[in-house]
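Written out below as C-alpha cells is the structure these notes cover.
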Amino acid sequence: MKAADFVYIRATSVAEAVNHLSEYGGESRIIAGGQSLMPMLNMRLWRLSALIDVNRVPGLDRLEASGEETVAGAMLRHAALERSSLAAERLPLLATMIGFVGDRQVRNRGTIGGSLVQGDPTGEMPLGCLVLGARVRAHGPDGAREIPIESFYEGSYATALQFDEMLTEIVFPKHPQHFAFAEFSRRHGDFCVLSVAATGNRSSDGRWQGVRLGLGGVNDTPVLAGEAAARLEGSLLTDDDIAAAAQAALEVVDPASDIRASAEYRTHLVPVYVRRTLQKLRAHPQLDRKTGRSDR
Ligand SMILES: Cc1cc2nc3c(=O)[nH]c(=O)nc-3n(C[C@H](O)[C@H](O)[C@H](O)COP(=O)(O)OP(=O)(O)OC[C@H]3O[C@@H](n4cnc5c(N)ncnc54)[C@H](O)[C@@H]3O)c2cc1C
C-alpha cells in the first residue's frame with residue numbers, strides 16, 4: 001500500500017517547522033528519518049494532511065560537549081552516534097545500545113529524536129535516555145521548554161509533546177562510570193522482547209552509588225525499576241544483592257502479549273535479564289573518560 005495524499009513541506013528553520021505544525025492543527029507531523037513514520041503512513045495506520053521535513057534545518061544533527069553535559073541534536077542519525085568518538089567517550093551506554101537498533105540501513109536514516117518521539121516501548125534510545133536521566137528540549141509557538149525524560153512518556157507511543165511542538169535537543173548529564181546493557185530479541189536487530197540497562201558508580205571501598213536500572217518492552221513505556229535500584233545503594237552488588245534486585249524489578253513490570261512474546265514469557269525473562277545486566281555492571285571496569293572504553 002502507499003500513503004494517502006499529503007502536502008510535503010521542507011522547513012529551513014525550527015521556527016518555520018513549528019509554524020507549519022500550528023497551521024495544520026494536529027494534522028501534520030515532522031518527518032525525520034522516516035523509518036517509523038513512513039511505514040505507518042504506507043500501511044494507512046495514519047493519515048496526515050502534511051509532512052514537515054526538517055532534514056535540511058541546519059545544526060540539528062550535532063553532538064557536542066557542554067561542560068559536564070553532552071547535547072545531541074534531534075536529527076543526529078543513529079549511524080553518526082554509532083561512529084562518533086565523542087559518543088564513545090561521553091555516552092558509551094547509548095553508543096553500545098545503538099548497535100541493537102534495526103539494521104545498518106535503518107541506522108543510516110533513523111534519528112535519535114525520531115526514536116524518542118516515536119516512543120516505542122521496546123526502543124533502545126528511549127530506554128537509554130531514561131537510564132541516563134536525559135532531558136529533552138522542545139520548541140513550540142511559545143518558545144522552548146525542557147522536559148525530563150522521566151515525564152516525557154505518557155503511554156504507549158505517547159509523549160508529552162504538544163501537536164505544535166518539535167523536539168530539538170537531548171541533554172545528557174555526566175555519564176556514570178559503569179554501565180551495562182542486555183536484551184533479548186528473536187534475531188539481532190529485531191525489535192526486542194525485553195531489554196535492561198543499568199548504570200552506577202563504585203566508590204573506592206567497592207560500594208555502589210546511584211545505580212539506575214531501566215527496562216524496555218515490559219510496560220507501555222520504558223520504566224525505571226526504582227525500588228530495585230534503591231536496594232543496591234551502598235551495596236557490594238553481591239550475588240544476593242543482585243538476586244533481591246532482580247525480584248524487586250518485577251514491581252514495575254506489566255507486559256503485553258504480542259507477536260514477539262507472551263506477557264508470561266516476558267515476566268519470566270525479567271529477573272533473568274536483570275540479573276545478567278547487574279552481573280555485567282559489577283564486572284564492568286572503570287571507564288577511561290577519554291575513550292569511553294574500559295581498561296580491560
Ligand atoms: C526494519 C526496521 C527495524 C527497526 N528496528 C528497530 C529496533 O530494533 N529498535 C528501535 O529502537 N527502533 C527500530 N526501528 C525504528 C527506527 O529506530 C526509527 O528510525 C526510529 O524509531 C524513528 O526515527 P526516525 O528518525 O526515522 O523518525 P520518523 O520515522 O521520521 O518519525 C517518527 C515519529 O517521530 C516524530 N518526530 C521525528 N522527529 C521529530 C522531532 N524532531 N520533533 C517532533 N517529532 C518528531 C514523527 O513525526 C513521527 O511521529 C526500526 C525500523 C525499521 C524500519
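Scheme for the C-alpha cells: letters A, B, ... for chains in order shown; per-chain residue numbers from 1; ligand numbers from 1 in order shown.
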
For this session: Kindly compile the residues surrounding ligand 1 within 6 Å, counting only C-alpha atoms and all ligand atoms, and format them as a ChimeraX atom specification.
Result: /A:29-37,74,100-102,106,110-111,113-115,117-118,123-125,166-168,189-191

Include C-alpha atoms and write out the residues we just selected as a JSON list (two decimals), in the first residue's frame.
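File again_35.json, as written:
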```json
[["chain", "number", "residue", "atom", "x", "y", "z"],
["A", 29, "ARG", "CA", 3.89, 15.68, 11.64],
["A", 30, "ILE", "CA", 7.61, 16.25, 11.47],
["A", 31, "ILE", "CA", 9.42, 13.76, 9.25],
["A", 32, "ALA", "CA", 12.97, 12.96, 10.38],
["A", 33, "GLY", "CA", 14.47, 9.66, 9.11],
["A", 34, "GLY", "CA", 11.03, 8.37, 8.11],
["A", 35, "GLN", "CA", 11.90, 4.86, 9.37],
["A", 36, "SER", "CA", 8.84, 4.63, 11.61],
["A", 37, "LEU", "CA", 6.60, 7.31, 10.12],
["A", 74, "ALA", "CA", 17.26, 15.67, 17.47],
["A", 100, "PHE", "CA", 20.96, -3.17, 18.55],
["A", 101, "VAL", "CA", 18.66, -0.80, 16.61],
["A", 102, "GLY", "CA", 17.41, -2.36, 13.38],
["A", 106, "VAL", "CA", 17.65, 1.84, 9.40],
["A", 110, "GLY", "CA", 16.84, 6.94, 11.69],
["A", 111, "THR", "CA", 17.43, 9.73, 14.20],
["A", 113, "GLY", "CA", 14.85, 12.48, 18.07],
["A", 114, "GLY", "CA", 12.62, 10.34, 15.85],
["A", 115, "SER", "CA", 13.19, 7.33, 18.09],
["A", 117, "VAL", "CA", 9.15, 10.83, 19.78],
["A", 118, "GLN", "CA", 8.11, 7.52, 18.25],
["A", 123, "GLY", "CA", 13.07, 1.04, 21.56],
["A", 124, "GLU", "CA", 16.68, 1.19, 22.67],
["A", 125, "MET", "CA", 17.01, 5.00, 22.58],
["A", 166, "MET", "CA", 9.15, 19.98, 17.86],
["A", 167, "LEU", "CA", 11.88, 18.15, 19.75],
["A", 168, "THR", "CA", 15.19, 19.86, 19.02],
["A", 189, "GLY", "CA", 18.39, -6.14, 15.12],
["A", 190, "ASP", "CA", 14.72, -7.08, 15.61],
["A", 191, "PHE", "CA", 12.66, -5.01, 17.99]]
```

Problem set entry | Within 9 Å of Val71 (chain A) using only C-alpha atoms, minus same-chain residues under 4 positions, as a PyMOL selection string | chain A and resi 62-66+169-173

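Residues surrounding Ser204 (chain A) within 12 Å are Trp208, Gln209, Gly234, Leu236 and Gln286 of chain A [only C-alpha atoms; sequence separation below 4 positions excluded].
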
Keeping only N, CA and C atoms, write the selected residues as a PDB file, in the first residue's frame.
```
ATOM      1  N   TRP A 208      28.463   0.505  45.813  1.00  0.00           N
ATOM      2  CA  TRP A 208      27.820   1.118  44.648  1.00  0.00           C
ATOM      3  C   TRP A 208      26.927   2.281  45.054  1.00  0.00           C
ATOM      4  N   GLN A 209      27.020   3.334  44.248  1.00  0.00           N
ATOM      5  CA  GLN A 209      26.199   4.537  44.492  1.00  0.00           C
ATOM      6  C   GLN A 209      25.416   4.869  43.227  1.00  0.00           C
ATOM      7  N   GLY A 234      24.757   1.599  48.155  1.00  0.00           N
ATOM      8  CA  GLY A 234      25.717   1.263  49.217  1.00  0.00           C
ATOM      9  C   GLY A 234      26.067  -0.205  49.296  1.00  0.00           C
ATOM     10  N   LEU A 236      27.512  -4.046  47.845  1.00  0.00           N
ATOM     11  CA  LEU A 236      28.706  -4.511  47.113  1.00  0.00           C
ATOM     12  C   LEU A 236      28.301  -5.250  45.837  1.00  0.00           C
ATOM     13  N   GLN A 286      36.218   0.349  35.339  1.00  0.00           N
ATOM     14  CA  GLN A 286      36.122   1.814  35.302  1.00  0.00           C
ATOM     15  C   GLN A 286      36.360   2.325  33.887  1.00  0.00           C
TER      16      GLN A 286
END
```

Exercise. Quick one: of A:Ala182, A:Leu278, A:Val14, A:Leu130, who's nearest to Ala246 (chain A), counting only C-alpha atoms?
Worked result: A:Leu278

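Residues within 9 Å of region 222-225 of chain A, counting only C-alpha atoms and excluding same-chain residues fewer than 5 positions away, are Gly119, Asp120, Pro121, Thr122, Gly123, Pro126, Leu127, Leu130, Val131, Glu150, Tyr153, Arg212, Leu213, Gly214, Leu215, Gly216, Gly217, Ala230, Ala245, Ala248, Ala249, Leu250, Glu251, Val252 and Val253 of chain A.
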
Written selection (N, CA and C atoms) as a PDB file, in the first residue's frame:
```
ATOM      1  N   GLY A 119       8.609   6.720  20.486  1.00  0.00           N
ATOM      2  CA  GLY A 119       8.272   6.193  21.823  1.00  0.00           C
ATOM      3  C   GLY A 119       7.899   4.723  21.838  1.00  0.00           C
ATOM      4  N   ASP A 120       8.523   3.947  20.975  1.00  0.00           N
ATOM      5  CA  ASP A 120       8.261   2.502  21.008  1.00  0.00           C
ATOM      6  C   ASP A 120       8.730   1.974  22.364  1.00  0.00           C
ATOM      7  N   PRO A 121       7.853   1.278  23.113  1.00  0.00           N
ATOM      8  CA  PRO A 121       8.269   0.813  24.446  1.00  0.00           C
ATOM      9  C   PRO A 121       9.433  -0.167  24.408  1.00  0.00           C
ATOM     10  N   THR A 122       9.710  -0.760  23.234  1.00  0.00           N
ATOM     11  CA  THR A 122      10.859  -1.664  23.135  1.00  0.00           C
ATOM     12  C   THR A 122      12.082  -0.965  22.531  1.00  0.00           C
ATOM     13  N   GLY A 123      11.977   0.317  22.234  1.00  0.00           N
ATOM     14  CA  GLY A 123      13.069   1.041  21.563  1.00  0.00           C
ATOM     15  C   GLY A 123      14.277   1.202  22.473  1.00  0.00           C
ATOM     16  N   PRO A 126      14.819   5.294  23.715  1.00  0.00           N
ATOM     17  CA  PRO A 126      14.039   5.758  24.882  1.00  0.00           C
ATOM     18  C   PRO A 126      14.562   5.178  26.199  1.00  0.00           C
ATOM     19  N   LEU A 127      14.912   3.883  26.181  1.00  0.00           N
ATOM     20  CA  LEU A 127      15.414   3.262  27.420  1.00  0.00           C
ATOM     21  C   LEU A 127      16.762   3.855  27.821  1.00  0.00           C
ATOM     22  N   LEU A 130      16.380   7.267  29.234  1.00  0.00           N
ATOM     23  CA  LEU A 130      15.749   7.222  30.560  1.00  0.00           C
ATOM     24  C   LEU A 130      16.777   6.851  31.633  1.00  0.00           C
ATOM     25  N   VAL A 131      17.556   5.833  31.371  1.00  0.00           N
ATOM     26  CA  VAL A 131      18.532   5.384  32.377  1.00  0.00           C
ATOM     27  C   VAL A 131      19.607   6.455  32.593  1.00  0.00           C
ATOM     28  N   GLU A 150      11.918  11.417  32.361  1.00  0.00           N
ATOM     29  CA  GLU A 150      11.023  10.647  33.246  1.00  0.00           C
ATOM     30  C   GLU A 150       9.564  11.049  33.053  1.00  0.00           C
ATOM     31  N   TYR A 153       7.232  10.388  28.596  1.00  0.00           N
ATOM     32  CA  TYR A 153       6.317   9.360  28.077  1.00  0.00           C
ATOM     33  C   TYR A 153       5.039   9.295  28.898  1.00  0.00           C
ATOM     34  N   ARG A 212      21.161   3.116  38.562  1.00  0.00           N
ATOM     35  CA  ARG A 212      19.885   3.283  37.850  1.00  0.00           C
ATOM     36  C   ARG A 212      19.675   2.050  36.995  1.00  0.00           C
ATOM     37  N   LEU A 213      18.434   1.553  37.048  1.00  0.00           N
ATOM     38  CA  LEU A 213      18.118   0.311  36.364  1.00  0.00           C
ATOM     39  C   LEU A 213      16.836   0.547  35.573  1.00  0.00           C
ATOM     40  N   GLY A 214      16.874   0.296  34.276  1.00  0.00           N
ATOM     41  CA  GLY A 214      15.690   0.533  33.450  1.00  0.00           C
ATOM     42  C   GLY A 214      15.369  -0.673  32.598  1.00  0.00           C
ATOM     43  N   LEU A 215      14.070  -0.814  32.277  1.00  0.00           N
ATOM     44  CA  LEU A 215      13.624  -1.952  31.476  1.00  0.00           C
ATOM     45  C   LEU A 215      12.790  -1.473  30.304  1.00  0.00           C
ATOM     46  N   GLY A 216      12.993  -2.099  29.168  1.00  0.00           N
ATOM     47  CA  GLY A 216      12.180  -1.818  27.992  1.00  0.00           C
ATOM     48  C   GLY A 216      11.399  -3.057  27.594  1.00  0.00           C
ATOM     49  N   GLY A 217      10.230  -2.848  26.985  1.00  0.00           N
ATOM     50  CA  GLY A 217       9.439  -3.957  26.451  1.00  0.00           C
ATOM     51  C   GLY A 217       8.573  -4.660  27.483  1.00  0.00           C
ATOM     52  N   ALA A 230      17.177   1.085  44.402  1.00  0.00           N
ATOM     53  CA  ALA A 230      17.390   1.615  45.757  1.00  0.00           C
ATOM     54  C   ALA A 230      17.991   0.551  46.670  1.00  0.00           C
ATOM     55  N   ALA A 245      17.426  -7.648  43.925  1.00  0.00           N
ATOM     56  CA  ALA A 245      17.029  -6.574  42.998  1.00  0.00           C
ATOM     57  C   ALA A 245      16.295  -7.145  41.793  1.00  0.00           C
ATOM     58  N   ALA A 248      12.831  -7.649  42.843  1.00  0.00           N
ATOM     59  CA  ALA A 248      12.160  -6.358  43.073  1.00  0.00           C
ATOM     60  C   ALA A 248      11.798  -5.669  41.759  1.00  0.00           C
ATOM     61  N   ALA A 249      12.572  -5.927  40.703  1.00  0.00           N
ATOM     62  CA  ALA A 249      12.303  -5.277  39.408  1.00  0.00           C
ATOM     63  C   ALA A 249      10.940  -5.684  38.856  1.00  0.00           C
ATOM     64  N   LEU A 250      10.424  -6.816  39.291  1.00  0.00           N
ATOM     65  CA  LEU A 250       9.122  -7.273  38.793  1.00  0.00           C
ATOM     66  C   LEU A 250       8.005  -6.290  39.136  1.00  0.00           C
ATOM     67  N   GLU A 251       8.257  -5.451  40.138  1.00  0.00           N
ATOM     68  CA  GLU A 251       7.253  -4.478  40.579  1.00  0.00           C
ATOM     69  C   GLU A 251       6.805  -3.516  39.472  1.00  0.00           C
ATOM     70  N   VAL A 252       7.714  -3.197  38.551  1.00  0.00           N
ATOM     71  CA  VAL A 252       7.381  -2.206  37.515  1.00  0.00           C
ATOM     72  C   VAL A 252       6.958  -2.879  36.204  1.00  0.00           C
ATOM     73  N   VAL A 253       6.759  -4.177  36.272  1.00  0.00           N
ATOM     74  CA  VAL A 253       6.512  -4.939  35.052  1.00  0.00           C
ATOM     75  C   VAL A 253       5.022  -5.173  34.851  1.00  0.00           C
TER      76      VAL A 253
END
```

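Among the candidate residues A:Glu264, A:Asp239, A:Glu82, A:Glu146, the one lying nearest to Lys280 (chain A) is A:Asp239, with distances computed using only C-alpha atoms.
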
For this session: Give me the residues within 12 Å of Ile52 (chain A) as a PyMOL selection string, counting only C-alpha atoms and dropping any in the same chain fewer than 6 places off.
Result: chain A and resi 6-24+27-34+37+164+166
